[in-house]
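*Asks:* Here it is: the structure, laid out below.
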Amino acid sequence: MFKKPVFYIFIMFCLLAITISSFGRANFDPNDSKGFNNYSAAENPAYEIVGHRIGKLELGINNNGTFGTGFARGSQDALTGQPVASCEFPRNSNLDYLFAGAFWIGAVVERDTLVSVAADGWSGTTEFLPDIEPFGKIKKRSLLFPDIDSLYVGAVSEEDYIMQYRDTGTVGVAADYFGRPHRPLNIEVTQKSFAWSYAYSEDFVLFDYEIKNIGIDVLRNVYMGIYVDGDVGSSVGPDAGNRHTDDISGFRETTETIYKESTWTDTVNIAWLADNDGDPLGTNWDNNNSIRGVTGTKIIRTPADSLEVSFNWWVSDGDPDKDYGPREKSEVGKLDEEFRDLRTGGLGTPEGDVNKYYFMRNREFDYDQFRISEITTEDSLWLKPDDNLVEAWATGLDTRYLLSFGPFTINPGEKLPLSFAYVAGDSLHQFPTNIDNLRAEPPLVNAYANGLNFDDLGYNAAWADRVYDNPGVDTDGDGYFGEYRLYENVLPDGNGGEIITFDTLWYRGDGVPDFRGASPPPAPSFFLIPDEGQITIRFNGKLSETSKDAFSNINDFEGYRVYYSLDELESSYSLLQSYDKENYNIYVYDGTRYTLTGNPLDLSEVQTTYAAGDTTFNPLIWNRTNPYFFNGQSLFFEPNDYNASTVGLATDIRKVYPNQAYPSSLFEDSVDASELTPEGKLKYFEYEYVITDLLPSIPYYVNVTAFDFGSRIEGQEIAPLESKISNGSQYAYAQPNAQTVLDNDLKVYCYPNPYRIDAEYSDFGYERADENSVSVAADRIRAIHFANLPPKCSIKIYSLDGDLIREILHDKPAEDPTSGTEEWNLITRNTQLIVSGLYYWVVESEFGETQIGKLVVIM
């Protein structure tokens with residue numbers, strides 16, 4: 001009589017198991033945590049790698065919880081097809097700072113201690129997997145493409161990558177060192193990473209994790225960590241194969257910030273790893289292969305404010321005697337246990353779940369590796385290392401580190417955040433022979449330390465913190481803006497007394513993530529009007545001139561620049577013209593020197609502030625050699641940028657409506673029609689520039705950028721920023737536009753005619769290979785151009801026998817600057833290169849109007 005209930009319970013159990021372990025196939029939405037499928041031997045995860053390469057630091061990112069290429073399942077960028085560097089700094093230098101980094105998480109489940117790692121660096125274990133295709137593929141977003149919603153909407157940086165991966169299965173996952181099968185924690189990670197190209201933010205990548213418990217068990221005493229294995233060295237140098245044998249690691253708690261001759265100590269808390277000596281060539285630096293920098297991991301956000309943090313480094317080596325890491329003599333009072341035997345024969349590599357979990361929670365903060373010789377028998381905390389191996393460990397081996405924190409609890413369905421920055425810094429190694437200090441007898445440890453300069457690493461780590469949480473910004477509107485310091489200024493008042501003022505230096509935000517940095521003003525929208533021998537650029541700068549900087553929250557617009565090029569490569573663009581506001585920097589004498597003070601002021605502001613509104617006051621009279629005295633202060637003025645705002649004198653960029661008053665509203669649908677251009681834009685912000693003396697036979701790439709005056713926030717100065725030169729460029733031929741062709745009944749023609757195979761047309765810009773496809777055969781980049789076409793027509797090329805060689809359908813909007821032009825690559829409809837001969841072409845418009853011509857090809 002018990003069979004029926006038991007059967008029902010069994011069915012319910014199966015359904016519950018299916019619900020837990022099998023998920024729908026909906027497309028991955030990074031804002032919606034949907035489960036994805038358990039994996040079987042027949043279903044391969046959609047492993048992908050992409051490269052952050054927008055900044056100075058190029059970093060490979062994988063959708064299996066690792067970064068770098070050490071545990072990548074592929075070497076080509078999944079979105080661009082380009083090779084991906086592991087961690088190259090600076091980009092394209094062949095100087096590589098990373099084998100791999102990986103996410104670790106450990107917890108107690110019931111009475112079992114479990115750890116899941118994206119990689120551990122020595123056993124090949126990878127326990128986090130993406131979904132199968134297409135659901136597990138990496139997504140991209142970018143602020144560089146405001147016209148492409150799929151890329152722009154939700155973007156945080158110039159280069160966002162979003163991915164998901166899980167630890168839910170056991171298929172293909174190896175047992176640990178002690179033979180214990182892997183038991184998954186059932187963790188889902190949504191990972192986002194962000195990178196920028198600006199000078200203050202080009203040396204780091206920010207990571208933001210959302211970690212969700214998708215199982216049915218409560219995860220207790222959870223610890224998370226970031227594991228890093230460096231292998232620092234030149235990837236093409238003479239010692240490329242041995243670059244893993246001389247790495248060193250440590251932890252930097254503070255850095256110094258100099259502000260107006262005062263030194264402040266800032267907390268940076270960054271784990272670092274570098275080559276031991278920078279790989280000099282003898283007693284000099286090798287400009288090609290010396291790797292003098294350093295990289296590090298800075299934890300920026302954890303699930304709780306008060307956590308236990310551990311920093312452990314160790315050397316992994318097949319020889320158990322060399323497999324070593326700093327160990328405290330006893331954990332009594334910390335973990336309620338005596339000294340832990342790793343049961344591997346060494347004291348370094350944490351094999352198995354139990355040892356990994358122990359490392360993550362041991363609360364040890366290891367000393368810098370190069371200081372290992374300072375640990376003696378009398379040390380009350382640290383175990384003394386083997387004297388015979390101290391120099392080898394101090395001067396670097398195959399070193400790794402783990403930066404971890406906890407504990408906390410994750411209930412089923414609960415999500416916890418984790419944010420960190422991977423940061424690079426220049427010029428750690430100051431002297432090519434500094435390593436000799438560690439090989440001296442006795443080792444000169446402090447002398448070696450003095451030869452290491454962490455300033456750039458600390459500076460970049462501090463900026464990563466600021467971008468994550470903007471100082472002085474109340475993000476959630478609760479009235480708290482963060483933490484600040486007051487700096488006292490004492491200046492003479494001109495009457496024998498003193499004027500005391502205070503500068504507010506914000507150094508920490510309100511604790512609410514911003515993931516927002518200073519950026520240039522939005523580039524203006526523009527269109528091209530081609531004509532015979534010239535191209536007119538019309539642009540509207542409403543957004544450029546009215547948008548506030550996201551970081552400083554002020555309008556810092558300064559001006560525009562016009563560029564042109566014969567191709568799309570950013571390096572090929574040349575500056576044609578610049579326009580910037582008339583404004584002035586003020587330099588004030590502080591008792592020892594003149595310093596730049598505040599943001600630039602326009603002429604009327606200068607006259608109001610310093611000359612009681614005298615409109616004849618000329619700031620340029622008062623310079624460094626002829627200072628101006630105001631309220632007891634000595635100061636002078638300099639133009640900010642070129643003050644090139646007077647058409648015809650300083651710039652040829654002109655306002656299309658020079659007498660138009662500032663708009664009554666910035667919303668086009670709220671102003672009078674007289675304030676709008678025929679295109680419906682605000683007249684006040686409409687500009688024009690004409691490029692003349694152009695050849696009509698080649699395409700010209702054109703762009704208009706906007707730039708600002710930078711940030712003058714004390715202690716957080718940023719150089720002026722400009723929108724990207726190559727982003728949003730347009731091209732046109734200096735030929736009559738569609739309307740001119742129609743109005744003047746201009747006839748279609750083609751060029752070059754005759755076409756000669758030996759004429760090297762690419763030298764004149766008629767032909768060119770795609771810069772991203774350098775391997776394209778020469779026969780596939782040839783081009784005959786048709787001009788004065790109607791916007792919509794067909795082009796048919798015939799042989800003398802009347803055979804159709806090729807048909808080209810030309811269909812472009814009339815307002816498109818290329819609507820009157822088309823190219824033929826000399827390839828037939830059968831995908832073959834044509835032969836020498838006389839050909840006829842026929843152009844038929846959408847209204848049935850026909851034009852006929854001939855062309856000659858000489859091969």
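A note on labels: chains of the structure tokens are A, B, ... as shown, every chain counts residues from 1, and ligands are counted from 1 in their shown order.
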Find the spatial neighbours of range 151-153 of chain A, counting only C-alpha atoms, within a cut-off of 7 Å - ignore same-chain residues fewer than 5 positions away - and output them as JSON, numbers by chain.

*Replies:* {"A": [140, 141, 142, 143, 145, 146]}

*Asks:* Which one is closest to Val108 in chain A: A:Lys192, A:Lys322, A:Arg361, A:Lys298? Count only C-alpha atoms.

*Replies:* A:Arg361

*Asks:* Have a look at A:Ser604, A:Pro520, A:Thr592, A:Gln633 and name the one nearest to Ile718 in chain A; count only C-alpha atoms.

*Replies:* A:Pro520

*Asks:* Go through A:Leu219, A:Ile535, A:Ala644, A:Ile105 and flag the residue nearest Val690 in chain A, using only C-alpha atoms for the distances.

*Replies:*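 For Val690 in chain A, the nearest of the candidates is A:Ile535.
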
*Asks:* CA of Ser726 in chain A and CA of Tyr573 in chain A, how far apart in Å?

*Replies:*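 If I compute the distance from CA of Tyr573 in chain A to CA of Ser726 in chain A, I get 8.0 Å.
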
*Asks:* List every residue of range 513-612 of chain A that DSSP, applied to the backbone, labels as helix (DSSP H, G or I), and write the result as a list in words.

*Replies:*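 The helix (DSSP H, G or I) residues within range 513-612 of chain A come out as Lys542, Leu543, Ser544, Glu545, Thr546, Glu570, Ser571, Ser572, Leu603, Ser604, Glu605, Val606, Gln607, Thr608, Thr609 and Tyr610 of chain A.
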
*Asks:* Mind writing the picked residues with N, CA, C and O atoms as a PDB file, in the first residue's frame?

*Replies:*
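result_28.pdb, written as the output of this step:
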```pdb
ATOM      1  N   LYS A 542      25.493  70.724 -30.164  1.00  0.00           N
ATOM      2  CA  LYS A 542      24.671  70.922 -28.969  1.00  0.00           C
ATOM      3  C   LYS A 542      25.114  70.012 -27.823  1.00  0.00           C
ATOM      4  O   LYS A 542      25.357  70.472 -26.697  1.00  0.00           O
ATOM      5  N   LEU A 543      25.246  68.723 -28.107  1.00  0.00           N
ATOM      6  CA  LEU A 543      25.655  67.802 -27.042  1.00  0.00           C
ATOM      7  C   LEU A 543      27.085  68.077 -26.587  1.00  0.00           C
ATOM      8  O   LEU A 543      27.399  67.972 -25.396  1.00  0.00           O
ATOM      9  N   SER A 544      27.953  68.413 -27.525  1.00  0.00           N
ATOM     10  CA  SER A 544      29.351  68.678 -27.182  1.00  0.00           C
ATOM     11  C   SER A 544      29.466  69.842 -26.197  1.00  0.00           C
ATOM     12  O   SER A 544      30.246  69.792 -25.240  1.00  0.00           O
ATOM     13  N   GLU A 545      28.682  70.879 -26.423  1.00  0.00           N
ATOM     14  CA  GLU A 545      28.833  72.109 -25.653  1.00  0.00           C
ATOM     15  C   GLU A 545      27.986  72.160 -24.392  1.00  0.00           C
ATOM     16  O   GLU A 545      28.206  73.015 -23.533  1.00  0.00           O
ATOM     17  N   THR A 546      27.027  71.260 -24.255  1.00  0.00           N
ATOM     18  CA  THR A 546      26.134  71.326 -23.099  1.00  0.00           C
ATOM     19  C   THR A 546      26.257  70.143 -22.151  1.00  0.00           C
ATOM     20  O   THR A 546      25.731  70.190 -21.043  1.00  0.00           O
ATOM     21  N   GLU A 570      43.711  55.394 -37.751  1.00  0.00           N
ATOM     22  CA  GLU A 570      43.779  56.578 -36.893  1.00  0.00           C
ATOM     23  C   GLU A 570      45.089  57.334 -37.069  1.00  0.00           C
ATOM     24  O   GLU A 570      45.122  58.563 -37.030  1.00  0.00           O
ATOM     25  N   SER A 571      46.165  56.592 -37.282  1.00  0.00           N
ATOM     26  CA  SER A 571      47.475  57.230 -37.431  1.00  0.00           C
ATOM     27  C   SER A 571      47.603  58.034 -38.719  1.00  0.00           C
ATOM     28  O   SER A 571      48.536  58.818 -38.873  1.00  0.00           O
ATOM     29  N   SER A 572      46.669  57.837 -39.648  1.00  0.00           N
ATOM     30  CA  SER A 572      46.765  58.528 -40.934  1.00  0.00           C
ATOM     31  C   SER A 572      46.089  59.894 -40.929  1.00  0.00           C
ATOM     32  O   SER A 572      46.294  60.692 -41.847  1.00  0.00           O
ATOM     33  N   LEU A 603      36.454  85.405 -21.398  1.00  0.00           N
ATOM     34  CA  LEU A 603      36.872  86.799 -21.309  1.00  0.00           C
ATOM     35  C   LEU A 603      35.961  87.604 -20.397  1.00  0.00           C
ATOM     36  O   LEU A 603      36.434  88.379 -19.550  1.00  0.00           O
ATOM     37  N   SER A 604      34.647  87.427 -20.526  1.00  0.00           N
ATOM     38  CA  SER A 604      33.730  88.210 -19.695  1.00  0.00           C
ATOM     39  C   SER A 604      33.881  87.856 -18.225  1.00  0.00           C
ATOM     40  O   SER A 604      33.773  88.730 -17.349  1.00  0.00           O
ATOM     41  N   GLU A 605      34.143  86.567 -17.929  1.00  0.00           N
ATOM     42  CA  GLU A 605      34.349  86.169 -16.534  1.00  0.00           C
ATOM     43  C   GLU A 605      35.626  86.779 -15.976  1.00  0.00           C
ATOM     44  O   GLU A 605      35.669  87.211 -14.818  1.00  0.00           O
ATOM     45  N   VAL A 606      36.684  86.814 -16.792  1.00  0.00           N
ATOM     46  CA  VAL A 606      37.933  87.457 -16.358  1.00  0.00           C
ATOM     47  C   VAL A 606      37.695  88.932 -16.077  1.00  0.00           C
ATOM     48  O   VAL A 606      38.128  89.478 -15.041  1.00  0.00           O
ATOM     49  N   GLN A 607      37.014  89.606 -16.978  1.00  0.00           N
ATOM     50  CA  GLN A 607      36.768  91.037 -16.815  1.00  0.00           C
ATOM     51  C   GLN A 607      35.891  91.326 -15.604  1.00  0.00           C
ATOM     52  O   GLN A 607      36.113  92.298 -14.885  1.00  0.00           O
ATOM     53  N   THR A 608      34.910  90.434 -15.347  1.00  0.00           N
ATOM     54  CA  THR A 608      34.036  90.628 -14.187  1.00  0.00           C
ATOM     55  C   THR A 608      34.777  90.353 -12.885  1.00  0.00           C
ATOM     56  O   THR A 608      34.662  91.105 -11.908  1.00  0.00           O
ATOM     57  N   THR A 609      35.562  89.281 -12.861  1.00  0.00           N
ATOM     58  CA  THR A 609      36.230  88.860 -11.630  1.00  0.00           C
ATOM     59  C   THR A 609      37.411  89.739 -11.268  1.00  0.00           C
ATOM     60  O   THR A 609      37.610  90.090 -10.102  1.00  0.00           O
ATOM     61  N   TYR A 610      38.187  90.116 -12.279  1.00  0.00           N
ATOM     62  CA  TYR A 610      39.460  90.782 -11.989  1.00  0.00           C
ATOM     63  C   TYR A 610      39.506  92.253 -12.395  1.00  0.00           C
ATOM     64  O   TYR A 610      40.486  92.937 -12.112  1.00  0.00           O
TER      65      TYR A 610
END
```

*Asks:* Please identify all polymer residues within 10 Å of Ile827 in chain A, counting only C-alpha atoms, omitting same-chain residues fewer than 5 positions from it, and present them as a list in words.

*Replies:*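 Returned residues: Asp779, Arg780, Ile781, Arg782, Ala783, Ile805, Arg806, Gln832, Leu833, Ile834 and Val835 of chain A.
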
*Asks:* Taking 3 positions as the minimum chain separation for residues in the same chain, which residues sit within 10 Å of Phe539 in chain A when counting only C-alpha atoms? Answer as a list in words.

*Replies:*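 The residues that qualify are Ala523, Pro524, Ser525, Phe526, Phe527, Leu528, Thr536, Lys542, Lys655, Val656, Phe685, Glu686, Tyr687, Glu688, Tyr689 and Val704 of chain A.
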
*Asks:* Per DSSP on the backbone, what are the strand (DSSP E or B) residues of range 403-489 of chain A, as a list in words?

*Replies:*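 These are the residues in question: Leu403, Ser404, Phe405, Gly406, Pro407, Phe408, Thr409, Ile410, Lys415, Leu416, Pro417, Leu418, Ser419, Phe420, Ala421, Tyr422, Val423, Ala424, Gly425, His429, Leu452, Glu483, Tyr484, Arg485, Leu486, Tyr487, Glu488 and Asn489 of chain A.
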